[in-house]
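As provided, structure_35.cif (mmCIF, C-alpha atoms) reads as follows.
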data_input
loop_
_atom_site.label_atom_id
_atom_site.label_comp_id
_atom_site.auth_asym_id
_atom_site.auth_seq_id
_atom_site.Cartn_x
_atom_site.Cartn_y
_atom_site.Cartn_z
CA ASP V 1 -29.90 -14.32 9.22
CA ALA V 2 -26.99 -15.02 6.92
CA GLU V 3 -23.83 -16.00 8.69
CA ILE V 4 -20.51 -17.80 8.53
CA THR V 5 -19.85 -20.70 10.86
CA GLN V 6 -16.89 -22.92 11.67
CA SER V 7 -16.69 -26.33 13.25
CA PRO V 8 -15.37 -27.62 15.48
CA ARG V 9 -14.63 -24.58 17.64
CA HIS V 10 -11.93 -26.47 19.52
CA LYS V 11 -9.94 -29.51 18.42
CA ILE V 12 -7.10 -31.47 19.96
CA THR V 13 -5.34 -33.98 17.76
CA GLU V 14 -2.10 -35.91 17.57
CA THR V 15 0.87 -35.45 15.27
CA GLY V 16 0.42 -37.25 11.98
CA ARG V 17 -3.37 -37.39 12.01
CA GLN V 18 -5.49 -35.93 9.23
CA VAL V 19 -7.78 -33.14 10.40
CA THR V 20 -10.54 -31.30 8.56
CA LEU V 21 -11.93 -27.96 9.67
CA ALA V 22 -15.30 -26.95 8.31
CA CYS V 23 -16.41 -23.52 7.13
CA HIS V 24 -19.95 -22.77 5.99
CA GLN V 25 -21.43 -19.45 4.88
CA THR V 26 -25.00 -18.61 3.96
CA TRP V 27 -24.36 -15.26 2.24
CA ASN V 28 -23.85 -16.88 -1.16
CA HIS V 29 -20.45 -15.19 -1.32
CA ASN V 30 -18.16 -16.15 -4.17
CA ASN V 31 -14.91 -15.67 -2.28
CA MET V 32 -13.78 -17.69 0.71
CA PHE V 33 -10.51 -17.62 2.63
CA TRP V 34 -8.67 -19.52 5.32
CA TYR V 35 -6.26 -17.75 7.68
CA ARG V 36 -4.21 -18.83 10.63
CA GLN V 37 -3.55 -16.49 13.51
CA ASP V 38 -0.45 -16.79 15.65
CA LEU V 39 0.91 -14.39 18.23
CA GLY V 40 3.28 -11.96 16.57
CA HIS V 41 2.25 -12.92 13.04
CA GLY V 42 -1.22 -11.48 12.66
CA LEU V 43 -3.47 -13.14 10.09
CA ARG V 44 -1.73 -15.18 7.42
CA LEU V 45 -3.52 -16.49 4.35
CA ILE V 46 -3.46 -20.27 3.89
CA HIS V 47 -5.75 -20.90 0.90
CA TYR V 48 -8.48 -19.04 -0.91
CA SER V 49 -11.21 -19.66 -3.45
CA TYR V 50 -12.94 -17.27 -5.84
CA GLY V 51 -15.72 -19.72 -6.74
CA VAL V 52 -16.80 -23.33 -7.10
CA GLN V 53 -13.95 -25.60 -8.24
CA ASP V 54 -11.46 -22.73 -7.81
CA THR V 55 -8.75 -23.02 -5.15
CA ASN V 56 -5.46 -21.18 -4.72
CA LYS V 57 -2.48 -21.28 -2.41
CA GLY V 58 -1.81 -18.45 -0.03
CA GLU V 59 1.25 -17.35 1.90
CA VAL V 60 1.46 -20.41 4.22
CA SER V 61 -0.15 -23.28 2.29
CA ASP V 62 2.35 -26.10 2.95
CA GLY V 63 0.67 -29.00 4.74
CA TYR V 64 -2.88 -27.73 4.02
CA SER V 65 -5.41 -28.35 1.28
CA VAL V 66 -8.91 -27.11 0.43
CA SER V 67 -11.68 -28.07 -1.95
CA ARG V 68 -14.69 -26.06 -3.16
CA SER V 69 -17.53 -28.24 -4.39
CA ASN V 70 -20.30 -25.71 -3.68
CA THR V 71 -20.68 -22.02 -2.91
CA GLU V 72 -21.36 -22.42 0.81
CA ASP V 73 -18.44 -24.57 2.01
CA LEU V 74 -14.65 -24.45 2.02
CA PRO V 75 -13.24 -27.23 4.24
CA LEU V 76 -9.59 -27.00 5.25
CA THR V 77 -7.65 -30.26 5.56
CA LEU V 78 -4.38 -30.79 7.38
CA GLU V 79 -3.00 -33.86 5.64
CA SER V 80 -0.65 -34.90 8.46
CA ALA V 81 -0.93 -32.60 11.44
CA ALA V 82 2.27 -31.14 12.88
CA SER V 83 2.87 -29.28 16.16
CA SER V 84 3.73 -26.19 14.10
CA GLN V 85 0.12 -26.16 12.94
CA THR V 86 -1.17 -25.48 16.43
CA SER V 87 -2.99 -22.21 15.89
CA VAL V 88 -6.32 -20.42 15.69
CA TYR V 89 -7.88 -20.80 12.25
CA PHE V 90 -10.31 -18.28 10.79
CA CYS V 91 -12.45 -18.70 7.73
CA ALA V 92 -13.71 -15.59 5.93
CA SER V 93 -15.87 -14.75 2.95
CA SER V 94 -16.56 -11.77 0.74
CA GLN V 95 -19.06 -10.99 -1.98
CA ASP V 96 -16.44 -10.18 -4.54
CA VAL V 97 -12.87 -9.03 -4.62
CA GLY V 98 -13.87 -5.54 -5.67
CA ARG V 99 -15.91 -4.85 -2.54
CA GLY V 100 -13.08 -5.91 -0.29
CA GLU V 101 -14.86 -6.40 3.02
CA GLN V 102 -14.30 -9.86 4.42
CA PHE V 103 -16.57 -11.35 7.05
CA PHE V 104 -14.87 -13.70 9.49
CA GLY V 105 -16.13 -16.86 11.13
CA PRO V 106 -15.80 -17.41 14.91
CA GLY V 107 -12.54 -19.35 14.59
CA THR V 108 -11.30 -22.85 15.42
CA ARG V 109 -8.61 -23.37 18.02
CA LEU V 110 -6.51 -26.36 16.97
CA THR V 111 -3.95 -28.01 19.20
CA VAL V 112 -1.60 -30.64 17.77
CA LEU V 113 0.12 -32.73 20.44
CA GLY R 1 3.77 -8.89 -3.52
CA GLU R 2 2.22 -6.57 -1.00
CA ASN R 3 3.79 -6.15 2.44
CA VAL R 4 2.12 -4.30 5.32
CA GLU R 5 3.98 -3.02 8.36
CA GLN R 6 2.04 -1.92 11.44
CA HIS R 7 3.21 0.14 14.43
CA PRO R 8 3.20 0.13 17.36
CA SER R 9 2.67 -3.48 18.37
CA THR R 10 1.29 -2.39 21.74
CA LEU R 11 -0.28 0.89 22.80
CA SER R 12 -1.51 1.95 26.21
CA VAL R 13 -3.55 5.13 26.73
CA GLN R 14 -5.65 6.70 29.44
CA GLU R 15 -9.39 6.79 28.98
CA GLY R 16 -10.33 9.93 27.08
CA ASP R 17 -7.00 10.25 25.31
CA SER R 18 -6.49 9.69 21.59
CA ALA R 19 -4.82 6.67 20.02
CA VAL R 20 -3.07 6.49 16.67
CA ILE R 21 -1.98 3.33 14.86
CA LYS R 22 0.09 3.56 11.69
CA CYS R 23 0.58 1.21 8.76
CA THR R 24 2.75 1.32 5.67
CA TYR R 25 2.31 -0.72 2.51
CA SER R 26 4.65 -1.56 -0.33
CA ASP R 27 2.47 -1.99 -3.44
CA SER R 28 1.56 1.36 -4.98
CA ALA R 29 -1.31 -0.39 -6.83
CA SER R 30 -3.12 -1.20 -3.57
CA ASN R 31 -6.47 0.57 -3.51
CA TYR R 32 -8.40 -0.60 -0.46
CA PHE R 33 -7.38 -0.28 3.20
CA PRO R 34 -9.63 -1.75 5.90
CA TRP R 35 -9.17 -1.77 9.66
CA TYR R 36 -10.37 -4.69 11.79
CA LYS R 37 -10.92 -4.83 15.54
CA GLN R 38 -10.55 -8.11 17.38
CA GLU R 39 -11.66 -8.40 20.96
CA LEU R 40 -10.19 -11.14 23.11
CA GLY R 41 -11.42 -14.55 21.99
CA LYS R 42 -13.58 -13.09 19.23
CA ARG R 43 -13.42 -12.84 15.46
CA PRO R 44 -11.95 -9.83 13.62
CA GLN R 45 -14.62 -7.32 12.64
CA LEU R 46 -14.40 -4.47 10.17
CA ILE R 47 -14.61 -1.06 11.85
CA ILE R 48 -13.70 1.32 9.04
CA ASP R 49 -12.18 1.23 5.58
CA ILE R 50 -10.88 3.68 3.01
CA ARG R 51 -10.30 3.53 -0.72
CA SER R 52 -7.42 5.06 -2.60
CA ASN R 53 -9.50 7.89 -4.08
CA VAL R 54 -10.22 9.29 -0.60
CA GLY R 55 -7.76 10.92 1.80
CA GLU R 56 -9.75 10.71 5.02
CA LYS R 57 -12.85 9.03 6.36
CA LYS R 58 -14.56 9.47 9.72
CA ASP R 59 -17.13 7.46 11.65
CA GLN R 60 -17.95 8.97 15.04
CA ARG R 61 -14.82 8.57 17.20
CA ILE R 62 -12.74 6.74 14.63
CA ALA R 63 -11.08 8.08 11.51
CA VAL R 64 -8.66 6.78 8.93
CA THR R 65 -6.25 8.84 6.86
CA LEU R 66 -4.42 7.76 3.73
CA ASN R 67 -1.27 9.20 2.19
CA LYS R 68 -0.81 7.49 -1.17
CA THR R 69 2.44 9.27 -1.95
CA ALA R 70 4.08 8.03 1.22
CA LYS R 71 2.17 4.74 1.08
CA HIS R 72 0.95 4.89 4.63
CA PHE R 73 -2.42 5.03 6.38
CA SER R 74 -3.41 5.55 9.99
CA LEU R 75 -6.26 4.81 12.37
CA HIS R 76 -7.23 7.55 14.82
CA ILE R 77 -9.44 6.89 17.82
CA THR R 78 -10.51 9.92 19.84
CA GLU R 79 -11.97 10.02 23.35
CA THR R 80 -10.93 6.42 23.97
CA GLN R 81 -13.07 4.23 26.19
CA PRO R 82 -12.27 0.94 27.97
CA GLU R 83 -14.36 -0.94 25.38
CA ASP R 84 -11.90 0.21 22.72
CA SER R 85 -9.35 -2.17 24.25
CA ALA R 86 -8.67 -4.81 21.60
CA VAL R 87 -6.21 -5.83 18.91
CA TYR R 88 -6.47 -3.73 15.76
CA PHE R 89 -5.33 -4.96 12.35
CA CYS R 90 -4.74 -2.90 9.26
CA ALA R 91 -4.80 -4.46 5.81
CA ALA R 92 -4.16 -3.53 2.22
CA ARG R 93 -5.57 -4.95 -0.98
CA GLY R 94 -4.03 -4.81 -4.39
CA TYR R 95 -5.86 -4.86 -7.67
CA GLY R 96 -6.73 -7.85 -9.81
CA GLY R 97 -6.12 -11.60 -9.55
CA SER R 98 -4.58 -12.86 -6.34
CA GLN R 99 -3.50 -9.31 -5.61
CA GLY R 100 -7.13 -8.73 -4.71
CA ASN R 101 -6.57 -10.55 -1.45
CA LEU R 102 -6.09 -8.68 1.80
CA ILE R 103 -2.62 -8.56 3.32
CA PHE R 104 -2.75 -7.89 7.06
CA GLY R 105 -0.39 -6.12 9.40
CA LYS R 106 0.67 -7.99 12.52
CA GLY R 107 -1.70 -6.09 14.79
CA THR R 108 -1.64 -3.52 17.57
CA LYS R 109 -2.84 -4.38 21.05
CA LEU R 110 -4.57 -1.28 22.42
CA SER R 111 -5.17 -1.02 26.15
CA VAL R 112 -7.35 1.81 27.46
CA LYS R 113 -6.88 2.38 31.17
CA PRO R 114 -9.88 3.73 33.11
#
For this file, write the structure as structure tokens.
Amino acid sequence: DAEITQSPRHKITETGRQVTLACHQTWNHNNMFWYRQDLGHGLRLIHYSYGVQDTNKGEVSDGYSVSRSNTEDLPLTLESAASSQTSVYFCASSQDVGRGEQFFGPGTRLTVL
Amino acid sequence: GENVEQHPSTLSVQEGDSAVIKCTYSDSASNYFPWYKQELGKRPQLIIDIRSNVGEKKDQRIAVTLNKTAKHFSLHITETQPEDSAVYFCAARGYGGSQGNLIFGKGTKLSVKP
């Protein structure tokens, strides 16, 4: 069955280290998104992509980057991890913007010490 | 850009009672309003959605209403059950370009007491 997966599911790292979170979907969806979820803030958009080689900044993009070299993957990189980036990260995908429904991955809990 | 406000932030009801969660949005061009349910430790999952050309939509015990003039929409859960306990998020989507992205409310934690 088609699905969306994230890895790792849990990660502990140190301040200043580079971290990459993986997101892989097998629905062949054009659109992919990265959100962070923090208590009291809901889901905030970090970066998004509408197709291969397309990437865009979201509401809270500082300190994060993404690349889209194929349809299936949108890795999220924290260039130099900070304690403020401790959060739960969700990847999502959708067929196209017009349909609207986004399917979420299981999430990655990242702790920056 | 779009801004979505959600109330209340927490809601506690007795099993069998109804629960109502309300959201307001700022962009009159928004045309799609989904609701997601997130159980503890799980991913958000779509439970119901409504488009701007419809005023109400029902699916068994859940319903969503939309008032475009007032720019608000609400989730109604009837005959609540303990398994309805979760965090619920509303969202709104604009039209075209980056406005096609979903903007989420901050969530409502619903507790259903047996």
Exercise for review: Run through the PyMOL selection byres ((chain R) within 8 of (chain V)) on the given coordinates and return the selected residues as JSON, numbers by chain.
Suggested key: {"R": [32, 34, 42, 43, 44, 45, 46, 89, 93, 100, 101, 102, 103, 104, 105, 106, 107]}
Exercise for review: Measure the distance from atom CA of V:Ala2 to atom CA of R:Gln38 in Å and round it to one decimal.
Suggested key: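 Value for the atom CA of V:Ala2-atom CA of R:Gln38 distance: 20.7 Å.
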Point to revise | Atom pair atom CA of R:Leu66 / atom CA of R:Asn3: separation (Å) | key: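 Atom CA of R:Asn3 lies at a distance of 16.2 Å from atom CA of R:Leu66.
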Return as a JSON list (two decimals) with C-alpha atoms, in the frame of the given file the set of residues that the PyMOL selection byres ((chain R and resi 15) around 12) yields on the displayed structure.
[["chain", "number", "residue", "atom", "x", "y", "z"],
["R", 12, "SER", "CA", -1.51, 1.95, 26.21],
["R", 13, "VAL", "CA", -3.55, 5.13, 26.73],
["R", 14, "GLN", "CA", -5.65, 6.70, 29.44],
["R", 16, "GLY", "CA", -10.33, 9.93, 27.08],
["R", 17, "ASP", "CA", -7.00, 10.25, 25.31],
["R", 18, "SER", "CA", -6.49, 9.69, 21.59],
["R", 19, "ALA", "CA", -4.82, 6.67, 20.02],
["R", 77, "ILE", "CA", -9.44, 6.89, 17.82],
["R", 78, "THR", "CA", -10.51, 9.92, 19.84],
["R", 79, "GLU", "CA", -11.97, 10.02, 23.35],
["R", 80, "THR", "CA", -10.93, 6.42, 23.97],
["R", 81, "GLN", "CA", -13.07, 4.23, 26.19],
["R", 82, "PRO", "CA", -12.27, 0.94, 27.97],
["R", 83, "GLU", "CA", -14.36, -0.94, 25.38],
["R", 84, "ASP", "CA", -11.90, 0.21, 22.72],
["R", 85, "SER", "CA", -9.35, -2.17, 24.25],
["R", 110, "LEU", "CA", -4.57, -1.28, 22.42],
["R", 111, "SER", "CA", -5.17, -1.02, 26.15],
["R", 112, "VAL", "CA", -7.35, 1.81, 27.46],
["R", 113, "LYS", "CA", -6.88, 2.38, 31.17],
["R", 114, "PRO", "CA", -9.88, 3.73, 33.11]]
Check your understanding: Neighbours of V:Ala81 within 6 Å (all atoms listed in the file; same-chain residues fewer than 4 positions away dropped), as a list of chain:residue names?
Key ->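 Everything that qualifies: V:Thr15, V:Gly16, V:Arg17.
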Exactly which residues make up the result of the PyMOL selection byres ((chain V and resi 62-66) around 8) on this file, given as a PDB file with C-alpha atoms, in the coordinates of the input?
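Contents of the output file result-v3.pdb:
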ATOM      1  CA  ILE V  46      -3.460 -20.270   3.890  1.00  0.00           C
ATOM      2  CA  HIS V  47      -5.750 -20.900   0.900  1.00  0.00           C
ATOM      3  CA  THR V  55      -8.750 -23.020  -5.150  1.00  0.00           C
ATOM      4  CA  VAL V  60       1.460 -20.410   4.220  1.00  0.00           C
ATOM      5  CA  SER V  61      -0.150 -23.280   2.290  1.00  0.00           C
ATOM      6  CA  SER V  67     -11.680 -28.070  -1.950  1.00  0.00           C
ATOM      7  CA  ARG V  68     -14.690 -26.060  -3.160  1.00  0.00           C
ATOM      8  CA  LEU V  74     -14.650 -24.450   2.020  1.00  0.00           C
ATOM      9  CA  PRO V  75     -13.240 -27.230   4.240  1.00  0.00           C
ATOM     10  CA  LEU V  76      -9.590 -27.000   5.250  1.00  0.00           C
ATOM     11  CA  THR V  77      -7.650 -30.260   5.560  1.00  0.00           C
ATOM     12  CA  LEU V  78      -4.380 -30.790   7.380  1.00  0.00           C
ATOM     13  CA  GLU V  79      -3.000 -33.860   5.640  1.00  0.00           C
ATOM     14  CA  SER V  80      -0.650 -34.900   8.460  1.00  0.00           C
ATOM     15  CA  ALA V  81      -0.930 -32.600  11.440  1.00  0.00           C
TER      16      ALA V  81
END
Quick one: 5 Å padding each side, axis-aligned, all listed atoms of stretch 15-19 of chain R - centre and edge lengths in Å to one decimal, as JSON?
{"center_x": -7.6, "center_y": 8.5, "center_z": 24.5, "size_x": 15.5, "size_y": 13.6, "size_z": 19.0}
Point to revise | For V:Gln85, the nearest of the candidates V:Gln53, V:Thr26, V:Asn70, V:Thr13, counting all atoms listed in the file | key: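 Closest to V:Gln85 of all the choices is V:Thr13.
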